[in-house]
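Chemist: Supplied structure: coords-v6.cif, mmCIF, C-alpha atoms.
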```cif
data_work
loop_
_atom_site.label_atom_id
_atom_site.label_comp_id
_atom_site.auth_asym_id
_atom_site.auth_seq_id
_atom_site.Cartn_x
_atom_site.Cartn_y
_atom_site.Cartn_z
CA MET A 1 109.99 161.27 175.46
CA ALA A 2 111.89 164.53 175.01
CA ASP A 3 114.13 165.27 177.99
CA ARG A 4 113.09 168.92 177.98
CA VAL A 5 110.75 171.05 175.88
CA THR A 6 111.17 174.82 175.75
CA VAL A 7 108.62 176.97 173.97
CA ILE A 8 110.08 180.26 172.74
CA GLY A 9 107.81 183.15 171.89
CA TRP A 10 109.15 185.29 169.06
CA ASP A 11 107.99 188.83 168.31
CA GLY A 12 110.79 189.90 165.98
CA SER A 13 113.06 191.25 168.70
CA PRO A 14 116.48 189.66 169.47
CA LEU A 15 116.35 186.37 171.36
CA THR A 16 116.84 186.57 175.11
CA ASP A 17 119.73 184.83 176.86
CA ALA A 18 117.31 182.17 178.12
CA ALA A 19 116.04 181.53 174.61
CA ARG A 20 119.59 181.35 173.17
CA ALA A 21 120.67 178.88 175.84
CA ALA A 22 117.68 176.60 175.23
CA LEU A 23 118.17 176.80 171.48
CA GLY A 24 121.89 176.08 171.68
CA ALA A 25 121.19 172.80 173.50
CA ALA A 26 118.33 171.70 171.24
CA THR A 27 118.45 168.49 169.25
CA LEU A 28 115.03 169.17 167.71
CA VAL A 29 113.58 172.54 166.68
CA ALA A 30 109.98 173.04 165.55
CA GLY A 31 108.53 176.22 164.12
CA ALA A 32 107.40 178.09 161.05
CA ALA A 33 109.75 178.58 158.11
CA HIS A 34 110.93 181.99 159.33
CA HIS A 35 111.72 180.54 162.75
CA LEU A 36 113.74 177.65 161.33
CA ALA A 37 115.74 180.12 159.21
CA LEU A 38 117.07 181.98 162.26
CA PRO A 39 120.88 181.77 162.45
CA GLU A 40 120.74 180.61 166.11
CA VAL A 41 119.10 177.29 165.16
CA PRO A 42 121.79 174.57 165.54
CA PRO A 43 122.68 173.13 162.11
CA THR A 44 122.68 169.59 163.50
CA ALA A 45 119.22 169.79 165.10
CA GLU A 46 116.28 167.94 163.59
CA ARG A 47 113.84 170.46 162.16
CA ILE A 48 110.06 170.20 162.09
CA ARG A 49 107.99 172.70 160.16
CA LEU A 50 104.83 173.33 162.13
CA GLY A 51 101.60 172.46 160.39
CA SER A 52 99.50 170.16 162.52
CA LEU A 53 100.32 170.97 166.15
CA ALA A 54 99.09 167.57 167.30
CA LEU A 55 101.37 165.76 164.84
CA ALA A 56 104.33 167.89 165.89
CA ALA A 57 103.58 167.20 169.55
CA ARG A 58 103.61 163.44 168.91
CA ARG A 59 106.99 163.68 167.20
CA ILE A 60 108.37 165.78 170.05
CA ALA A 61 107.02 163.33 172.61
CA ALA A 62 108.80 160.49 170.80
CA HIS A 63 112.08 162.41 170.48
CA ARG A 64 115.07 161.48 172.64
CA GLY A 65 116.82 164.73 173.45
CA THR A 66 115.94 168.35 174.07
CA ALA A 67 113.34 170.16 171.99
CA VAL A 68 112.56 173.79 171.25
CA VAL A 69 109.27 174.95 169.78
CA PHE A 70 109.00 178.44 168.28
CA ALA A 71 105.74 180.38 168.21
CA ASP A 72 104.90 183.90 167.09
CA GLY A 73 104.00 186.23 169.94
CA ASP A 74 103.10 184.88 173.34
CA PRO A 75 102.81 181.07 172.99
CA GLY A 76 100.54 180.87 176.04
CA PHE A 77 97.90 183.15 174.50
CA PHE A 78 95.89 181.15 171.96
CA GLY A 79 99.18 179.42 171.21
CA VAL A 80 101.00 176.10 171.15
CA VAL A 81 101.38 175.71 174.92
CA ARG A 82 97.81 174.42 175.28
CA THR A 83 98.39 171.64 172.73
CA LEU A 84 101.81 170.65 174.08
CA ARG A 85 100.44 170.40 177.62
CA ALA A 86 97.57 168.11 176.64
CA PRO A 87 97.61 164.97 178.82
CA GLU A 88 97.87 162.66 175.81
CA PHE A 89 101.40 163.89 175.08
CA GLY A 90 102.73 163.90 178.63
CA LEU A 91 105.07 166.84 178.00
CA GLU A 92 106.39 169.24 180.61
CA VAL A 93 107.22 172.56 179.03
CA GLU A 94 109.13 175.68 179.93
CA VAL A 95 107.99 178.91 178.30
CA VAL A 96 110.05 181.91 177.23
CA PRO A 97 107.28 184.44 176.48
CA ALA A 98 107.21 187.36 174.09
CA VAL A 99 104.82 190.21 173.36
CA SER A 100 101.59 188.75 172.04
CA ALA A 101 100.49 189.60 168.51
CA VAL A 102 97.40 191.29 169.96
CA ALA A 103 99.44 193.52 172.27
CA ALA A 104 101.81 194.35 169.41
CA ALA A 105 98.93 195.23 167.08
CA PHE A 106 97.35 197.62 169.56
CA ALA A 107 100.77 199.13 170.25
CA ARG A 108 101.22 199.78 166.53
CA ALA A 109 97.77 201.38 166.50
CA GLY A 110 98.56 203.42 169.62
CA MET A 111 95.41 202.23 171.38
CA PRO A 112 94.63 200.67 174.77
CA TRP A 113 93.23 197.14 174.63
CA ASP A 114 92.04 196.25 178.12
CA ASP A 115 88.49 196.92 176.87
CA ALA A 116 88.84 194.78 173.74
CA GLN A 117 87.36 191.40 172.97
CA VAL A 118 89.89 188.92 171.53
CA VAL A 119 88.73 186.17 169.18
CA VAL A 120 90.34 183.56 166.94
CA ALA A 121 88.96 183.27 163.41
CA HIS A 122 89.50 180.23 161.24
CA PRO A 123 87.02 178.79 158.74
CA ARG A 124 85.16 176.84 161.44
CA THR A 125 84.75 179.80 163.83
CA LEU A 126 84.65 182.69 161.37
CA ARG A 127 80.91 183.31 161.67
CA ARG A 128 81.07 183.50 165.48
CA ALA A 129 84.06 185.85 165.31
CA VAL A 130 82.10 188.10 162.95
CA ASN A 131 79.15 188.12 165.36
CA VAL A 132 81.46 189.36 168.12
CA CYS A 133 82.60 192.13 165.77
CA ARG A 134 78.96 193.03 165.15
CA ALA A 135 78.18 193.20 168.86
CA HIS A 136 81.24 194.87 170.36
CA THR A 137 83.00 198.17 169.83
CA LYS A 138 86.61 196.96 169.91
CA VAL A 139 87.66 193.47 168.85
CA ALA A 140 91.03 191.95 168.01
CA VAL A 141 90.80 189.08 165.54
CA LEU A 142 93.62 186.56 165.26
CA THR A 143 93.05 185.42 161.70
CA ALA A 144 93.91 182.32 159.68
CA PRO A 145 94.03 181.51 155.95
CA GLY A 146 90.46 181.52 154.66
CA ALA A 147 89.31 183.60 157.62
CA GLY A 148 91.18 186.86 157.17
CA PRO A 149 90.38 190.55 156.71
CA ALA A 150 88.62 190.03 153.37
CA GLU A 151 86.29 187.38 154.75
CA LEU A 152 85.57 189.46 157.87
CA GLY A 153 84.65 192.43 155.71
CA LEU A 154 82.36 190.43 153.45
CA LEU A 155 80.43 188.92 156.38
CA LEU A 156 80.05 192.33 158.05
CA GLU A 157 78.01 193.60 155.12
CA GLY A 158 75.57 196.24 156.31
CA VAL A 159 77.58 197.04 159.45
CA HIS A 160 80.19 199.80 159.25
CA ARG A 161 83.49 199.09 160.98
CA THR A 162 87.06 200.35 160.73
CA PHE A 163 89.80 197.74 160.31
CA VAL A 164 93.37 198.22 161.51
CA ILE A 165 95.18 195.37 159.74
CA CYS A 166 98.63 194.43 161.01
CA GLU A 167 100.50 192.12 158.64
CA GLU A 168 103.58 190.07 159.50
CA LEU A 169 104.25 191.81 162.81
CA GLY A 170 107.87 191.73 163.95
CA THR A 171 109.32 191.04 160.52
CA GLU A 172 110.95 193.26 157.91
CA ARG A 173 107.71 193.02 155.90
CA GLU A 174 105.53 194.36 158.73
CA GLN A 175 102.78 196.66 157.51
CA VAL A 176 99.86 198.39 159.23
CA SER A 177 96.87 199.51 157.13
CA VAL A 178 93.61 201.25 158.06
CA VAL A 179 90.58 200.56 155.86
CA THR A 180 86.82 200.50 156.23
CA SER A 181 85.29 197.05 156.48
CA ASP A 182 83.58 197.31 153.10
CA LYS A 183 86.95 197.86 151.39
CA ALA A 184 88.82 194.97 153.07
CA ALA A 185 87.79 192.48 150.39
CA ASP A 186 89.37 194.67 147.68
CA HIS A 187 92.91 193.77 148.83
CA THR A 188 95.07 190.69 149.25
CA TRP A 189 96.49 190.48 152.78
CA ARG A 190 99.62 188.65 153.88
CA ASP A 191 99.57 186.03 156.62
CA PRO A 192 99.97 186.10 159.52
CA ASN A 193 97.90 189.15 160.35
CA VAL A 194 95.86 190.57 163.20
CA VAL A 195 92.77 192.71 162.58
CA ILE A 196 91.59 195.31 165.08
CA VAL A 197 87.90 195.98 164.43
CA ILE A 198 86.58 199.31 165.70
CA GLY A 199 83.11 200.80 165.56
CA GLY A 200 80.07 201.92 167.49
CA PRO A 201 79.74 203.81 170.78
CA ALA A 202 82.66 204.17 173.19
CA GLY A 203 83.62 201.08 175.15
CA ALA A 204 85.22 201.31 178.59
CA ALA A 205 84.49 204.24 180.82
CA GLU A 206 86.88 207.17 180.88
CA GLY A 207 89.85 206.34 183.07
CA GLY A 208 89.64 202.63 182.28
CA GLY A 209 87.56 199.78 183.58
CA TRP A 210 88.18 197.11 186.19
CA ILE A 211 87.99 193.93 184.10
CA ALA A 212 89.47 193.04 180.72
CA GLY A 213 87.12 192.84 177.77
CA ARG A 214 83.44 193.64 178.07
CA ASP A 215 82.33 194.75 181.51
CA PRO A 216 79.60 192.28 182.54
CA ALA A 217 78.28 194.77 185.11
CA ALA A 218 77.77 197.59 182.60
CA GLY A 219 74.29 199.06 182.67
CA PRO A 220 71.48 198.55 185.17
CA ARG A 221 70.92 195.27 186.97
CA GLY A 222 68.44 192.73 185.70
CA TRP A 223 67.98 190.71 182.53
CA VAL A 224 65.05 192.91 181.61
CA GLN A 225 64.19 196.50 182.38
CA PRO A 226 60.81 198.04 183.26
CA ASP A 227 58.56 198.79 180.32
CA GLU A 228 58.86 202.53 180.86
CA THR A 229 62.59 202.30 180.09
CA TYR A 230 61.70 201.90 176.42
CA GLY A 231 59.12 204.66 176.16
CA ALA A 232 55.56 204.50 175.02
CA GLY A 233 54.53 203.47 171.55
CA PRO A 234 51.16 203.98 169.85
CA GLY A 235 48.51 203.81 172.54
CA GLY A 236 50.98 204.76 175.26
CA ARG A 237 52.34 201.30 176.07
CA LEU A 238 54.62 198.56 174.79
CA GLY A 239 53.22 195.96 172.45
CA GLU A 240 51.63 192.75 173.68
CA GLY A 241 54.77 190.74 172.95
CA GLU A 242 57.14 193.14 174.70
CA THR A 243 55.87 193.20 178.26
CA GLU A 244 58.52 192.84 180.95
CA LEU A 245 57.66 189.35 182.22
CA LEU A 246 57.16 187.92 178.72
CA ARG A 247 60.53 189.37 177.68
CA ALA A 248 62.17 187.71 180.67
CA ALA A 249 60.70 184.35 179.66
CA GLN A 250 61.73 184.82 176.04
CA LEU A 251 65.31 185.65 177.01
CA ALA A 252 65.43 182.63 179.31
CA ARG A 253 64.22 180.31 176.55
CA LEU A 254 66.59 181.67 173.89
CA GLY A 255 69.67 182.21 176.05
CA PRO A 256 71.51 184.65 173.73
CA ARG A 257 75.28 184.68 174.32
CA VAL A 258 78.56 186.03 172.97
CA GLY A 259 79.17 184.76 169.43
CA ASP A 260 75.47 184.33 168.64
CA LEU A 261 73.47 186.19 166.03
CA VAL A 262 69.93 186.95 167.18
CA TRP A 263 67.07 187.96 164.93
CA ASP A 264 64.31 190.00 166.59
CA ILE A 265 61.48 190.07 164.06
CA GLY A 266 58.79 192.62 164.82
CA CYS A 267 61.11 194.37 167.23
CA GLY A 268 58.62 197.08 168.25
CA ALA A 269 60.28 199.40 170.75
CA GLY A 270 63.53 197.38 170.63
CA ALA A 271 63.22 196.20 174.23
CA PHE A 272 64.03 192.55 173.57
CA ALA A 273 66.70 193.41 170.99
CA ALA A 274 68.53 195.73 173.38
CA GLU A 275 68.44 193.18 176.18
CA ALA A 276 69.70 190.37 173.96
CA ALA A 277 72.55 192.67 172.95
CA ARG A 278 73.31 193.36 176.62
CA ALA A 279 73.94 189.62 176.93
CA GLY A 280 76.79 190.01 174.41
CA ALA A 281 75.04 188.67 171.32
CA ALA A 282 74.93 190.32 167.91
CA VAL A 283 71.36 191.37 167.11
CA ILE A 284 69.50 192.23 163.93
CA ALA A 285 66.20 193.95 164.74
CA VAL A 286 63.56 193.87 161.99
CA ASP A 287 60.32 195.81 161.73
CA ARG A 288 58.09 197.01 158.91
CA ASP A 289 57.21 200.21 160.81
CA PRO A 290 59.80 203.00 160.38
CA ALA A 291 58.79 204.46 163.75
CA ALA A 292 59.52 201.13 165.43
CA CYS A 293 62.94 201.00 163.77
CA ALA A 294 63.70 204.48 165.09
CA ARG A 295 62.58 203.47 168.60
CA ALA A 296 64.78 200.37 168.47
CA GLU A 297 67.78 202.49 167.49
CA GLY A 298 67.02 204.81 170.42
CA ALA A 299 66.74 201.86 172.81
CA ALA A 300 70.15 200.63 171.68
CA ARG A 301 71.73 204.05 172.23
CA ARG A 302 70.30 204.33 175.73
CA ALA A 303 71.47 200.81 176.60
CA GLY A 304 74.94 201.43 175.14
CA VAL A 305 74.69 198.42 172.83
CA GLN A 306 74.88 197.89 169.10
CA LEU A 307 72.00 196.77 166.90
CA GLN A 308 71.65 196.42 163.18
CA VAL A 309 68.15 197.66 162.48
CA VAL A 310 66.51 196.52 159.24
CA HIS A 311 63.35 198.15 157.93
CA GLY A 312 61.15 195.75 156.00
CA ALA A 313 58.30 193.27 156.12
CA ALA A 314 58.95 189.67 157.09
CA PRO A 315 59.27 187.06 155.72
CA HIS A 316 60.56 188.69 152.49
CA VAL A 317 63.12 190.93 154.20
CA LEU A 318 64.70 187.92 155.92
CA GLU A 319 65.95 186.36 152.70
CA TYR A 320 69.25 188.26 152.61
CA LEU A 321 70.04 188.36 156.33
CA PRO A 322 72.97 186.28 157.65
CA GLU A 323 72.16 182.98 159.33
CA PRO A 324 70.80 183.33 162.88
CA ASP A 325 71.53 181.19 165.94
CA VAL A 326 68.35 182.06 167.82
CA VAL A 327 65.25 183.99 166.77
CA ARG A 328 62.43 185.84 168.51
CA VAL A 329 59.33 186.33 166.39
CA GLY A 330 57.43 189.22 167.90
CA GLY A 331 55.08 189.71 164.97
CA GLY A 332 54.02 188.25 161.66
CA GLY A 333 52.27 185.10 162.81
CA PRO A 334 52.63 181.51 161.58
CA ALA A 335 53.90 182.46 158.11
CA VAL A 336 56.92 184.24 159.57
CA VAL A 337 57.58 181.47 162.11
CA SER A 338 57.51 178.92 159.27
CA SER A 339 59.90 181.01 157.18
CA VAL A 340 62.28 181.33 160.13
CA ALA A 341 62.15 177.58 160.79
CA ASP A 342 63.24 177.00 157.19
CA ARG A 343 66.55 178.70 158.10
CA ARG A 344 67.14 176.15 160.90
CA PRO A 345 68.22 178.35 163.84
CA GLN A 346 69.01 176.52 167.08
CA ARG A 347 66.06 178.05 168.92
CA ILE A 348 62.92 179.99 168.07
CA VAL A 349 60.62 181.73 170.52
CA THR A 350 57.29 183.42 169.82
CA HIS A 351 53.96 184.05 171.49
CA ALA A 352 50.27 183.72 170.68
CA SER A 353 47.20 185.34 172.19
CA THR A 354 44.89 182.31 171.74
CA ARG A 355 45.24 178.58 172.14
CA ASP A 356 44.22 177.94 168.54
CA ALA A 357 46.98 180.22 167.26
CA ALA A 358 49.49 178.58 169.61
CA GLU A 359 48.52 175.12 168.31
CA ARG A 360 48.99 176.20 164.67
CA VAL A 361 52.45 177.55 165.37
CA GLY A 362 53.38 174.54 167.50
CA ARG A 363 52.34 172.06 164.78
CA ASP A 364 54.35 173.92 162.17
CA LEU A 365 57.48 173.96 164.34
CA THR A 366 57.06 170.25 165.03
CA GLU A 367 56.79 169.54 161.30
CA HIS A 368 60.08 171.41 160.85
CA GLY A 369 61.76 169.05 163.32
CA TYR A 370 61.71 171.30 166.39
CA ARG A 371 61.03 170.08 169.90
CA VAL A 372 58.21 172.37 171.02
CA GLU A 373 57.28 173.64 174.46
CA CYS A 374 54.33 175.89 175.29
CA ALA A 375 53.40 177.66 178.50
CA LEU A 376 50.44 179.87 179.36
CA LEU A 377 51.83 182.97 181.06
CA GLN A 378 49.52 185.21 183.06
CA SER A 379 50.73 188.26 184.89
CA VAL A 380 48.79 190.61 187.11
CA GLU A 381 50.19 193.97 188.15
CA LEU A 382 49.08 195.38 191.48
CA ASP A 383 49.10 198.87 192.89
CA THR A 384 50.79 198.16 196.24
CA ARG A 385 49.30 201.25 197.84
CA ALA A 386 45.85 199.73 197.71
CA TRP A 387 46.74 196.21 196.47
CA THR A 388 44.35 196.58 193.58
CA GLU A 389 44.82 195.18 190.11
CA THR A 390 46.11 197.65 187.54
CA GLU A 391 47.06 195.48 184.56
CA ARG A 392 46.54 191.90 183.45
CA SER A 393 48.15 190.13 180.50
CA VAL A 394 47.85 186.60 179.17
CA ALA A 395 49.99 185.01 176.46
CA PHE A 396 50.98 181.59 175.21
CA LEU A 397 54.78 181.36 175.11
CA LEU A 398 56.05 178.93 172.47
CA SER A 399 59.62 177.83 172.01
CA GLY A 400 61.22 175.41 169.58
CA VAL A 401 64.60 173.75 169.97
CA LEU A 402 66.27 171.98 167.06
CA PRO A 403 67.66 168.78 168.62
CA ASP A 404 70.53 168.31 166.17
CA ARG A 405 71.75 171.88 166.83
CA ALA A 406 71.18 172.10 170.58
CA PRO A 407 72.34 173.51 172.92
#
```
How does this structure look as structure tokens?

Modeler:
Amino acid sequence: MADRVTVIGWDGSPLTDAARAALGAATLVAGAAHHLALPEVPPTAERIRLGSLALAARRIAAHRGTAVVFADGDPGFFGVVRTLRAPEFGLEVEVVPAVSAVAAAFARAGMPWDDAQVVVAHPRTLRRAVNVCRAHTKVAVLTAPGAGPAELGLLLEGVHRTFVICEELGTEREQVSVVTSDKAADHTWRDPNVVIVIGGPAGAAEGGGWIAGRDPAAGPRGWVQPDETYGAGPGGRLGEGETELLRAAQLARLGPRVGDLVWDIGCGAGAFAAEAARAGAAVIAVDRDPAACARAEGAARRAGVQLQVVHGAAPHVLEYLPEPDVVRVGGGGPAVVSSVADRRPQRIVTHASTRDAAERVGRDLTEHGYRVECALLQSVELDTRAWTETERSVAFLLSGVLPDRAP
């Protein structure tokens, strides 16, 4: 096992005395090509070019001597320290930190970043990173080959964002570019790079917030808000599938979360869509009624969240939408539910007004491989001044979970 392992963060500035001392005593140095080319690297030291971090960690663990590992930016922030400290390698590490690539990127842009989301995008997590960019107003994306600015821009089709792209921070080839998301795919970008994605309503309150990233306490308390929050539609009330208690049950069954893409089909007043977005998910709200689309956009503005609203009739309009994680079907009946199930989201929730309709939907979901649950929900509103009934609603709540994609 290596006698000592020092991890040195490098942000392009001169090495500190602590870093020089550790490097001078090193018998093994691991890093990227530009790290290994630094003149301070001892000529007699064994050199490992970092590719697979796990493989490098095994070689370091087997090394007899002192090791130094270079990393760009702060190695404790989405960096190599996590891998080196894994129990399987048994390494004790000392860290000489540097300015993280995210902090450097925001500094180059002249922007605060305490209200930003920070995500890592590589081919396996690219879709989830894009969903965070859809849902939030300020996101820093640590990219990887195959999951860079061009790919982000292509997957954000239909959603306008501004990209601040910081290439090769800390080097002589450093470059900062500002482009709209739809133009990002027109260029070839150098690795490594960080992308700041900006768009939508303002994030943190004036004067700053109290917690980094998205404030979980923003907006009123409660998973769902009273029906009157979303205004009256035709007939002076929300639709059958949008009532407060049914919305609460739908949200509980779907469990939208950060990194998810939610479809809300037949979004009506946008009540469910806005509340799913409050949970941190990206949401596409679909309705064939232009007035409903306008109401959904208004609901999003009042809630301070971002929605992509699509006008069109399901199931045809769904064909070109990006793949969802969870879906609420508020309108369209069995044909729309069946079309959604063909896309294989993790969870689907819908409702029916009769048992026969619920059974038809449930059978179809079962045939698609979903595990189906159904509950009869009845709510009675009372006027507490006289304790008399003012409103009664009954609905069958159906949910389907795809076992091979759960949770």

Chemist: Within 9 Å of Gly369 in chain A, counting all atoms listed in the file, which residues qualify if same-chain residues fewer than 2 places away don't, as an mmCIF file with C-alpha atoms, in the coordinates of the input?

Modeler:
```cif
data_model
loop_
_atom_site.group_PDB
_atom_site.id
_atom_site.type_symbol
_atom_site.label_atom_id
_atom_site.label_comp_id
_atom_site.auth_asym_id
_atom_site.auth_seq_id
_atom_site.Cartn_x
_atom_site.Cartn_y
_atom_site.Cartn_z
ATOM 1 C CA ALA A 341 62.150 177.580 160.790
ATOM 2 C CA ASP A 364 54.350 173.920 162.170
ATOM 3 C CA LEU A 365 57.480 173.960 164.340
ATOM 4 C CA THR A 366 57.060 170.250 165.030
ATOM 5 C CA GLU A 367 56.790 169.540 161.300
ATOM 6 C CA ARG A 371 61.030 170.080 169.900
ATOM 7 C CA GLY A 400 61.220 175.410 169.580
ATOM 8 C CA VAL A 401 64.600 173.750 169.970
ATOM 9 C CA LEU A 402 66.270 171.980 167.060
ATOM 10 C CA PRO A 403 67.660 168.780 168.620
#
```

Chemist: CA of His122 in chain A and CA of Leu55 in chain A, how far apart in Å?

Modeler: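 So the answer is 19.1 Å.
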
Chemist: How close does each residue of range 97-158 of chain A get to range 163-182 of chain A, giving the shortest atom pair and distance in Å to one decimal for every residue with an atom at most 12 Å away, counting only C-alpha atoms, sorted by chain and residue number, as a tab-separated table?

Modeler:
```
residue	atom	partner	partner_atom	distance
A:Ala98	CA	A:Gly170	CA	11.1
A:Val99	CA	A:Gly170	CA	10.0
A:Ser100	CA	A:Leu169	CA	10.1
A:Ala101	CA	A:Leu169	CA	7.2
A:Val102	CA	A:Cys166	CA	9.6
A:Ala103	CA	A:Leu169	CA	10.7
A:Ala104	CA	A:Leu169	CA	7.5
A:Ala105	CA	A:Cys166	CA	6.1
A:Phe106	CA	A:Val164	CA	9.0
A:Ala107	CA	A:Cys166	CA	10.6
A:Arg108	CA	A:Val176	CA	7.6
A:Ala109	CA	A:Val164	CA	7.4
A:Gly110	CA	A:Val164	CA	10.9
A:Met111	CA	A:Val164	CA	10.8
A:Val130	CA	A:Ser181	CA	11.5
A:Cys133	CA	A:Phe163	CA	10.6
A:Arg134	CA	A:Ser181	CA	11.5
A:Thr137	CA	A:Phe163	CA	11.7
A:Lys138	CA	A:Phe163	CA	10.1
A:Val139	CA	A:Phe163	CA	9.8
A:Ala140	CA	A:Val164	CA	9.3
A:Val141	CA	A:Ile165	CA	9.6
A:Leu142	CA	A:Cys166	CA	10.3
A:Thr143	CA	A:Ile165	CA	10.4
A:Ala144	CA	A:Glu167	CA	11.9
A:Gly148	CA	A:Ile165	CA	9.7
A:Pro149	CA	A:Ile165	CA	7.4
A:Ala150	CA	A:Ser181	CA	8.4
A:Glu151	CA	A:Ser181	CA	9.9
A:Leu152	CA	A:Ser181	CA	7.7
A:Gly153	CA	A:Ser181	CA	4.7
A:Leu154	CA	A:Asp182	CA	7.0
A:Leu155	CA	A:Ser181	CA	9.5
A:Leu156	CA	A:Ser181	CA	7.2
A:Glu157	CA	A:Asp182	CA	7.0
A:Gly158	CA	A:Asp182	CA	8.7
```

Chemist: Report as a ChimeraX atom specification the residues that result from applying the PyMOL selection byres ((chain A and resi 22) around 12) to the structure here.

Modeler: /A:4-8,15-21,23-29,40-42,66-70,93-96

Chemist: Every residue with an atom at most 10 Å from (109.5, 164.0, 168.6) (file coordinates; all atoms listed in the file) is what I'm after, so could you write them as a list in words?

Modeler: Met1, Ala2, Leu28, Val29, Ala30, Glu46, Ile48, Leu55, Ala56, Ala57, Arg58, Arg59, Ile60, Ala61, Ala62, His63, Arg64, Gly65, Thr66 and Ala67 of chain A

Chemist: For the provided coordinates, the residues matched by the PyMOL selection byres ((chain A and resi 245-259) around 9) should be stated as a ChimeraX atom specification.

Modeler: /A:127-133,135,223-224,240-244,260-262,271-272,275-277,279-282,325-328,346-351,377,379,395,397-399

Chemist: Residue by residue, what does the PyMOL selection byres ((chain A and resi 285) around 8) grab here? Present the result as number ranges by chain.

Modeler: A: 263-267, 270, 273, 283-284, 286-287, 293, 296, 307-310

Chemist: Using Å and a single decimal, report how far CA of His368 in chain A sits from CA of Pro345 in chain A.

Modeler: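 Calculated distance between CA of Pro345 in chain A and CA of His368 in chain A is 11.1 Å.
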
Chemist: How many Å lie between CA of Gly31 in chain A and CA of Pro87 in chain A, rounded to one decimal?

Modeler: 21.5 Å

Chemist: Please provide the set of residues having any atom within 10 Å of Arg343 in chain A, restricted to only C-alpha atoms, with same-chain residues fewer than 6 positions apart removed, written as a JSON list (two decimals) with C-alpha atoms, keeping the file's coordinate frame.

Modeler:
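File produced: part36.json:
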```json
[["chain", "number", "residue", "atom", "x", "y", "z"],
["A", 318, "LEU", "CA", 64.70, 187.92, 155.92],
["A", 319, "GLU", "CA", 65.95, 186.36, 152.70],
["A", 322, "PRO", "CA", 72.97, 186.28, 157.65],
["A", 323, "GLU", "CA", 72.16, 182.98, 159.33],
["A", 324, "PRO", "CA", 70.80, 183.33, 162.88],
["A", 325, "ASP", "CA", 71.53, 181.19, 165.94]]
```

Chemist: Could you pull the residues within 10 Å of Arg302 in chain A, counting all atoms listed in the file, minus those fewer than 6 positions along the same chain, as JSON, numbers by chain?

Modeler: {"A": [219, 229, 230, 274, 296]}

Chemist: With 8 Å on each side, where is the centre of the axis-aligned box around all listed atoms of range 384-391 of chain A, and how long are its edges in Å to one decimal, as JSON?

Modeler:
```
{"center_x": 47.6, "center_y": 198.2, "center_z": 191.2, "size_x": 22.4, "size_y": 22.1, "size_z": 29.3}
```

Chemist: Take the point (63.3, 181.6, 156.3) in the file's coordinates, draw a sphere of radius 10 Å around it, and report as a list of chain:residue names every protein, DNA or RNA residue with an atom inside or on it, counting all atoms listed in the file.

Modeler: A:Ala314, A:Pro315, A:His316, A:Val317, A:Leu318, A:Glu319, A:Tyr320, A:Leu321, A:Glu323, A:Ala335, A:Val336, A:Val337, A:Ser338, A:Ser339, A:Val340, A:Ala341, A:Asp342, A:Arg343, A:Arg344, A:Pro345

Chemist: So, counting all atoms listed in the file, which residue among A:Val197, A:Leu38, A:Leu238, A:Ala185 is closest to Thr162 in chain A?

Modeler: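 Selected residue with least distance to Thr162 in chain A: A:Val197.
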
Chemist: So, counting all atoms listed in the file, which residue among A:Pro43, A:Gly362, A:Gly333, A:Pro290 is closest to Ala375 in chain A?

Modeler: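 When distances to Ala375 in chain A are compared using all atoms listed in the file, the smallest one comes from A:Gly362.
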
Chemist: Which is closer to Gly51 in chain A than all the others in A:Val80, A:Val394, A:Ala358, A:Ala37, using only C-alpha atoms?

Modeler: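 With only C-alpha atoms as the atom set, the closest residue is A:Val80.
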
Chemist: Taking all atoms listed in the file into account, which of A:Glu92, A:Gln306, A:Gly239, A:Gly332 comes nearest Ala292 in chain A?

Modeler: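 That would be A:Gly239, the residue with the smallest distance to Ala292 in chain A.
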
Chemist: Kindly indicate which residue among A:Val361, A:Ala218, A:Val194, A:Ala116 lies nearest to Gly304 in chain A, using only C-alpha atoms for the distances.

Modeler: A:Ala218
